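A.B. asks: Next up is a structure, given as structure tokens.
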Amino acid sequence: LHPRFSQFELNFLAFALTSPLQTSLISGGPATMLWSFVMVSIFTLTMALSMGEICSKYPVASGTYFWTYQLAPSRYRLLFSWIVGWLVTVGYWVVTVSVTFGTSQLVLAGANIYLPQWEATAWQTYLIFALVVLLTTAVAIVFDHSLPFLDVIRLMVRSLLSVIVVSLSVKASAGRHSAKYALTHFDVSQSGWTPGWAFFVGMLPVRPIHSLGAYTFLGVPTIVTMGEEIFNPSINLPKAIVWAVPTGCLLGVVFLLPILFTLPDISVLLAAPEGQPEALVFELIMGSKAGGFGMWFIVFGLTVLCGLSVTCATSRATWAFARDKAIPFHHFFAHLGRGRLSDTPVNAYLLSAVIQLALGCIYLGSTAAFNSFIAVSIMCFGCSCAIPILLLLARRRKPARDVPFSLGVWGYPLNVLAVLWIAFEMVIVSMPVSLPVQPSDMNYASAVFVGFIVISALWFIIDGRHIYEGPFIPD
């Protein structure tokens with residue numbers, strides 16, 4: 001793969017415009033929506049700084065499992081890097097499912113603006129999801145060389161949308177709230193959790209379509225996969241990783257505040273079809289279906305661009321792991337395209353699409369099981385980031401002494417905070433949204449996560465230890 005991304009372009013690969021609001025509405029409302037987002041931004045920054053420091057020493061597409069291989073004791077480096085590699089790859093596959101499935105849910109939410117009584121069946125939802133996956137994959141392959149430019153377009157559209165959302169506070173057909181309500185209103189009567197725990201549950205996603213805080217920054221690790229496609233990666237890649245967080249936080253707050261000041265009745269939003277209140281929020285604030293649909297269309301377009309970016313990152317992670325002989329039929333999936341696609345991982349794109357369609361079938365049998373797969377993405381990415389940071393601490397940070405992007409004396413506290421934050425994330429993400437727990441909203445994320453680790457370890461024993469020689473070490 002050849003360099004094609006700049007630091008500026010990678011800054012906007014990392015985060016989504018927003019994540020659906022339902023969990024935060026249940027878990028406290030405006031106060032949870034705003035302050036949990038700010039809190040997540042602060043602690044995610046410790047993780048980004050820690051990753052940026054290690055990345056400046058090892059700026060390769062293999063990312064965290066290459067770091068693990070380099071930092072782990074020689075006796076265990078193959079096994080550790082194998083497990084982390086599988087966690088990363090599964091995390092990318094699953095987070096891509098969450099984005100494409102979320103896009104299909106937005107399609108249904110837009111349809112419900114004009115067809116409020118229509119409720120899609122599981123098969124209809126899956127068919128829309130499959131169409132989104134196929135179209136996103138096809139566009140990403142054909143326009144792979146233009147994806148850096150599309151990331152810049154996404155920034156421009158996002159900025160435009162923030163301006164438009166601010167303008168909504170002037171319209172405010174649903175009424176305007178006081179600053180006290182917008183910044184401090186906190187109601188957990190719908191949750192069942194204690195107030196403090198409800199706040200924490202509200203800041204992290206436990207469902208693919210109900211999320212806000214950490215999900216918005218789940219794409220920060222995806223920047224790492226572009227390590228071999230950015231100019232001067234030892235300098236620009238860490239900067240892109242770190243600056244993605246404050247940039248996302250600033251734009252997120254600008255986007256959230258007008259919504260909080262003009263937020264319609266929460267009980268009405270929680271009753272929205274398909275669990276998607278965003279389109280209803282815009283409709284009620286604008287005071288008309290046409291106005292609400294216009295706002296929805298901008299959000300939908302931005303979500304599609306986000307899906308293209310995540311799909312691109314997933315293809316790179318899949319290609320890198322196949323290149324390292326860690327995926328069945330690795331020779332095929334590590335093969336690049338031909339002609340104008342000669343430096344595009346076409347087969348890795350196709351594998352990602354097939355896996356998304358396969359995971360989507362789970363939704364037809366059990367929405368609770370499918371939701372757990374999506375929650376696992378946070379656990380996979382979190383664990384894959386925590387392991388190299390822990391290994392760095394175990395080596396008393398000696399490998400970080402000569403890196404271009406050094407944290408200096410702040411290295412120890414920032415690394416420890418990052419690991420503690422990730423551990424806390426993994427606990428919260430395993431919790432159900434509300435109590436009492438029903439079969440339809442049970443969270444099986446922890447069981448699925450452990451299952452993936454066990455399967456990857458068994459596959460290493462059966463096959464991997466015979467062919468896996470560690471991640472590719474570029475010149």
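Chain labels run A, B, ... following the order of the structure tokens; each chain numbers its residues from 1, and ligands are numbered from 1 in the order shown.
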Would you kindly return, as number ranges by chain, each protein, DNA or RNA residue with an atom no farther than 12 Å from any atom of A:Cys383, considering only C-alpha atoms and excluding same-chain residues fewer than 3 positions away?

C.D. replies: A: 47, 64-65, 68, 80, 83-88, 90-91, 221, 376-380, 386-390, 418-427, 449-450, 453

A.B. asks: Contacts of stretch 192-201 of chain A at 9 Å or less, counting only C-alpha atoms, minus same-chain residues fewer than 6 places along, as a list in words?

C.D. replies: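 Here the answer would be Thr23, Ser24, Ile26, Ser27, Gly28, Ala31, Thr32, Ser36, Phe186, Ile428, Val429, Met431, Pro432, Val433, Ser434, Leu435 and Pro436 of chain A.
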
A.B. asks: Restricting the calculation to only C-alpha atoms: of A:Trp93, A:Ala138, A:Phe472, A:Thr184, which residue gets closest to A:Trp67?

C.D. replies: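 So, comparing all the options, the nearest one is A:Phe472.
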
A.B. asks: For A:Ala122, list every protein, DNA or RNA residue within 7 Å, evaluated using only C-alpha atoms, and leave out those in the same chain fewer than 3 positions away; present the list as a list in words.

C.D. replies: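 That gives Thr125, Tyr126 and Leu364 of chain A.
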
A.B. asks: Using backbone DSSP assignments, extract all helix (DSSP H, G or I) residues from stretch 181-363 of chain A; output them as an MDAnalysis selection string.

C.D. replies: chainID A and resid 181:184 195:203 213:216 220:226 233:261 266:270 273:275 278:286 289:323 330:333 339:341 346:360 362:363

A.B. asks: Can you spit out the residues from that selection as a compact mmCIF listing (two decimals), in the first residue's frame, using C-alpha atoms?

C.D. replies:
# COMPACT_ATOMS: atom_id res chain seq x y z
CA TYR A 181 -32.62 22.23 32.11
CA ALA A 182 -30.28 21.79 29.14
CA LEU A 183 -27.15 21.48 31.26
CA THR A 184 -28.35 19.83 34.48
CA PRO A 195 -28.58 7.62 39.67
CA GLY A 196 -24.77 7.33 39.64
CA TRP A 197 -24.71 3.96 37.89
CA ALA A 198 -27.38 5.09 35.41
CA PHE A 199 -25.12 7.99 34.40
CA PHE A 200 -22.25 5.60 33.65
CA VAL A 201 -24.49 3.17 31.77
CA GLY A 202 -25.78 6.09 29.72
CA MET A 203 -22.34 7.15 28.59
CA GLY A 213 -20.34 8.64 24.52
CA ALA A 214 -17.58 6.11 23.91
CA TYR A 215 -19.10 4.83 20.68
CA THR A 216 -18.48 8.22 19.09
CA VAL A 220 -9.85 6.36 17.21
CA PRO A 221 -7.96 3.02 16.93
CA THR A 222 -8.92 2.81 13.25
CA ILE A 223 -6.42 5.56 12.45
CA VAL A 224 -3.60 3.16 13.34
CA THR A 225 -4.41 0.92 10.36
CA MET A 226 -3.40 3.76 8.02
CA PRO A 233 3.94 8.30 9.94
CA SER A 234 6.11 8.49 13.08
CA ILE A 235 5.13 12.14 13.46
CA ASN A 236 1.79 12.55 11.70
CA LEU A 237 0.08 9.36 12.85
CA PRO A 238 0.36 10.11 16.61
CA LYS A 239 -0.82 13.67 15.99
CA ALA A 240 -3.84 12.39 14.05
CA ILE A 241 -4.72 9.92 16.82
CA VAL A 242 -4.48 12.53 19.58
CA TRP A 243 -6.11 15.49 17.81
CA ALA A 244 -9.06 13.37 16.71
CA VAL A 245 -10.36 13.35 20.30
CA PRO A 246 -10.52 17.10 21.11
CA THR A 247 -11.72 17.79 17.57
CA GLY A 248 -14.51 15.26 17.95
CA CYS A 249 -15.36 16.55 21.42
CA LEU A 250 -15.61 20.17 20.27
CA LEU A 251 -17.79 19.39 17.25
CA GLY A 252 -19.87 17.01 19.35
CA VAL A 253 -20.60 19.62 22.00
CA VAL A 254 -21.48 22.18 19.33
CA PHE A 255 -23.87 19.62 17.84
CA LEU A 256 -25.40 18.58 21.19
CA LEU A 257 -26.07 21.92 22.87
CA PRO A 258 -28.76 23.21 20.45
CA ILE A 259 -30.52 19.84 20.66
CA LEU A 260 -30.51 19.96 24.47
CA PHE A 261 -31.92 23.49 24.53
CA ILE A 266 -38.42 12.68 26.40
CA SER A 267 -41.33 10.24 26.83
CA VAL A 268 -42.38 10.95 23.23
CA LEU A 269 -38.84 10.34 21.97
CA LEU A 270 -38.52 7.05 23.83
CA PRO A 273 -40.41 3.63 16.12
CA GLU A 274 -37.32 1.39 15.71
CA GLY A 275 -35.78 2.97 18.81
CA GLU A 278 -33.19 11.36 15.97
CA ALA A 279 -35.54 11.87 13.02
CA LEU A 280 -38.42 12.57 15.42
CA VAL A 281 -36.28 15.14 17.26
CA PHE A 282 -35.70 17.06 14.04
CA GLU A 283 -39.32 16.79 12.97
CA LEU A 284 -40.65 18.13 16.28
CA ILE A 285 -38.09 20.94 16.47
CA MET A 286 -38.62 22.01 12.85
CA LYS A 289 -42.22 16.57 8.32
CA ALA A 290 -40.42 18.23 5.40
CA GLY A 291 -38.09 20.16 7.71
CA GLY A 292 -37.41 17.08 9.82
CA PHE A 293 -36.72 14.97 6.73
CA GLY A 294 -34.31 17.60 5.41
CA MET A 295 -32.31 17.48 8.64
CA TRP A 296 -32.47 13.68 8.67
CA PHE A 297 -31.12 13.56 5.11
CA ILE A 298 -27.98 15.50 6.08
CA VAL A 299 -27.39 13.19 9.06
CA PHE A 300 -27.96 10.16 6.83
CA GLY A 301 -25.45 11.40 4.25
CA LEU A 302 -22.86 11.97 6.93
CA THR A 303 -23.48 8.48 8.33
CA VAL A 304 -22.89 7.00 4.88
CA LEU A 305 -19.54 8.82 4.66
CA CYS A 306 -18.68 7.53 8.13
CA GLY A 307 -19.51 4.01 6.95
CA LEU A 308 -17.11 4.39 4.02
CA SER A 309 -14.28 5.47 6.34
CA VAL A 310 -14.83 2.60 8.77
CA THR A 311 -15.13 0.11 5.91
CA CYS A 312 -11.82 1.36 4.54
CA ALA A 313 -10.10 0.96 7.92
CA THR A 314 -11.55 -2.54 8.36
CA SER A 315 -10.22 -3.62 4.97
CA ARG A 316 -6.71 -2.52 6.00
CA ALA A 317 -6.87 -4.37 9.31
CA THR A 318 -8.15 -7.52 7.57
CA TRP A 319 -5.52 -7.27 4.85
CA ALA A 320 -2.69 -6.79 7.39
CA PHE A 321 -3.80 -9.83 9.42
CA ALA A 322 -4.11 -11.94 6.26
CA ARG A 323 -0.65 -10.80 5.18
CA HIS A 330 -4.66 -15.87 3.94
CA HIS A 331 -3.01 -15.98 0.49
CA PHE A 332 -6.30 -15.02 -1.15
CA PHE A 333 -7.33 -12.31 1.30
CA GLY A 339 -5.11 -2.33 -12.69
CA ARG A 340 -6.16 0.92 -11.04
CA LEU A 341 -6.93 -1.10 -7.89
CA VAL A 346 -10.17 -5.76 -2.73
CA ASN A 347 -10.39 -9.30 -1.32
CA ALA A 348 -10.16 -7.98 2.24
CA TYR A 349 -13.06 -5.61 1.45
CA LEU A 350 -15.10 -8.57 0.18
CA LEU A 351 -14.32 -10.71 3.23
CA SER A 352 -15.44 -7.89 5.52
CA ALA A 353 -18.71 -7.61 3.58
CA VAL A 354 -19.38 -11.36 3.79
CA ILE A 355 -18.74 -11.35 7.54
CA GLN A 356 -21.08 -8.39 8.02
CA LEU A 357 -23.84 -10.16 6.13
CA ALA A 358 -23.27 -13.33 8.16
CA LEU A 359 -23.34 -11.50 11.50
CA GLY A 360 -26.45 -9.65 10.36
CA ILE A 362 -28.10 -13.27 13.85
CA TYR A 363 -30.53 -10.35 14.04

A.B. asks: Counting only C-alpha atoms, which residue out of A:Asp463, A:Asp187, A:Asp343, A:Asp402 sits closest to A:Ile327?

C.D. replies: A:Asp463

A.B. asks: List the spatial neighbours of A:Gln70 as a list of chain:residue names - criterion: any atom at most 10 Å away, only C-alpha atoms, same-chain residues fewer than 2 positions off excluded.

C.D. replies: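 Non-adjacent residues within range: A:Tyr58, A:Thr64, A:Tyr65, A:Phe66, A:Trp67, A:Thr68, A:Ala72, A:Pro73, A:Ser74, A:Arg77, A:Leu78, A:Ser81, A:Pro388, A:Leu391, A:Leu392, A:Pro399, A:Gly470, A:Pro471.
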
A.B. asks: With N, CA, C and O atoms kept, could you save the residues just selected as a short mmCIF file (atom, residue, chain, number, x, y, z; two decimals), in the first residue's frame?

C.D. replies:
data_model
loop_
_atom_site.label_atom_id
_atom_site.label_comp_id
_atom_site.auth_asym_id
_atom_site.auth_seq_id
_atom_site.Cartn_x
_atom_site.Cartn_y
_atom_site.Cartn_z
N TYR A 58 6.19 2.41 16.38
CA TYR A 58 5.80 1.30 15.49
C TYR A 58 4.62 1.73 14.61
O TYR A 58 3.50 1.28 14.81
N THR A 64 -1.99 -2.52 16.94
CA THR A 64 -1.76 -2.94 18.32
C THR A 64 -1.18 -4.34 18.43
O THR A 64 -0.47 -4.63 19.39
N TYR A 65 -1.48 -5.24 17.49
CA TYR A 65 -0.89 -6.57 17.66
C TYR A 65 0.58 -6.60 17.23
O TYR A 65 1.35 -7.43 17.69
N PHE A 66 0.99 -5.67 16.37
CA PHE A 66 2.42 -5.51 16.09
C PHE A 66 3.11 -4.94 17.32
O PHE A 66 4.22 -5.37 17.69
N TRP A 67 2.48 -3.95 17.98
CA TRP A 67 3.04 -3.40 19.20
C TRP A 67 3.19 -4.48 20.27
O TRP A 67 4.19 -4.55 20.97
N THR A 68 2.16 -5.34 20.39
CA THR A 68 2.21 -6.42 21.37
C THR A 68 3.36 -7.36 21.08
O THR A 68 4.07 -7.79 22.00
N ALA A 72 6.07 -7.69 24.04
CA ALA A 72 5.86 -8.88 24.88
C ALA A 72 7.16 -9.66 25.06
O ALA A 72 8.07 -9.58 24.22
N PRO A 73 7.28 -10.44 26.14
CA PRO A 73 8.44 -11.33 26.30
C PRO A 73 8.53 -12.28 25.11
O PRO A 73 7.51 -12.73 24.57
N SER A 74 9.74 -12.60 24.68
CA SER A 74 9.93 -13.39 23.48
C SER A 74 9.23 -14.75 23.55
O SER A 74 8.79 -15.28 22.52
N ARG A 77 5.39 -13.83 22.80
CA ARG A 77 5.01 -12.80 21.84
C ARG A 77 4.14 -13.33 20.71
O ARG A 77 3.22 -12.62 20.26
N LEU A 78 4.35 -14.55 20.25
CA LEU A 78 3.51 -15.09 19.18
C LEU A 78 2.07 -15.26 19.64
O LEU A 78 1.13 -14.85 18.95
N SER A 81 0.45 -11.72 20.50
CA SER A 81 0.14 -10.93 19.30
C SER A 81 -0.97 -11.58 18.49
O SER A 81 -1.77 -10.89 17.85
N PRO A 388 -0.89 -3.72 24.95
CA PRO A 388 0.43 -3.13 24.69
C PRO A 388 0.80 -2.03 25.68
O PRO A 388 1.98 -1.86 26.01
N LEU A 391 2.04 -3.85 28.68
CA LEU A 391 3.37 -4.39 28.41
C LEU A 391 4.44 -3.30 28.46
O LEU A 391 5.57 -3.53 28.93
N LEU A 392 4.08 -2.11 27.99
CA LEU A 392 5.00 -0.98 28.07
C LEU A 392 5.30 -0.63 29.53
O LEU A 392 6.45 -0.38 29.91
N PRO A 399 11.01 1.09 26.22
CA PRO A 399 10.91 1.23 24.75
C PRO A 399 10.42 2.61 24.30
O PRO A 399 10.55 2.94 23.12
N GLY A 470 4.40 -14.23 13.37
CA GLY A 470 4.38 -12.87 13.89
C GLY A 470 4.00 -11.88 12.81
O GLY A 470 3.94 -12.21 11.62
N PRO A 471 3.72 -10.64 13.19
CA PRO A 471 3.32 -9.63 12.20
C PRO A 471 4.46 -9.26 11.27
O PRO A 471 5.64 -9.35 11.61
#

A.B. asks: Rank A:Pro30, A:Ile230, A:Phe101, A:Ser56 by their smallest atom-to-atom distance to A:His177, using only C-alpha atoms, and report the top residue only.

C.D. replies: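 The closest residue to A:His177 is A:Pro30.
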
A.B. asks: Looking at only C-alpha atoms, which of A:Val107, A:Val403, A:Leu79, A:Ala394 is the one that sits closest to A:Gly464?

C.D. replies: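 Checking each candidate against A:Gly464, we get A:Leu79 as the closest.
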
A.B. asks: Closest to A:Ile461 among A:Pro404, A:Trp82, A:Ser178, A:Leu115, using only C-alpha atoms?

C.D. replies: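 Comparing A:Pro404, A:Trp82, A:Ser178, A:Leu115 against A:Ile461, the winner is A:Trp82.
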
A.B. asks: Can you work out which one of A:Pro277, A:Thr89, A:Ser146, A:Trp35 has the shortest atom-to-atom distance to A:Asn112, counting only C-alpha atoms?

C.D. replies: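 Of A:Pro277, A:Thr89, A:Ser146, A:Trp35, the one nearest A:Asn112 is A:Pro277, counting only C-alpha atoms.
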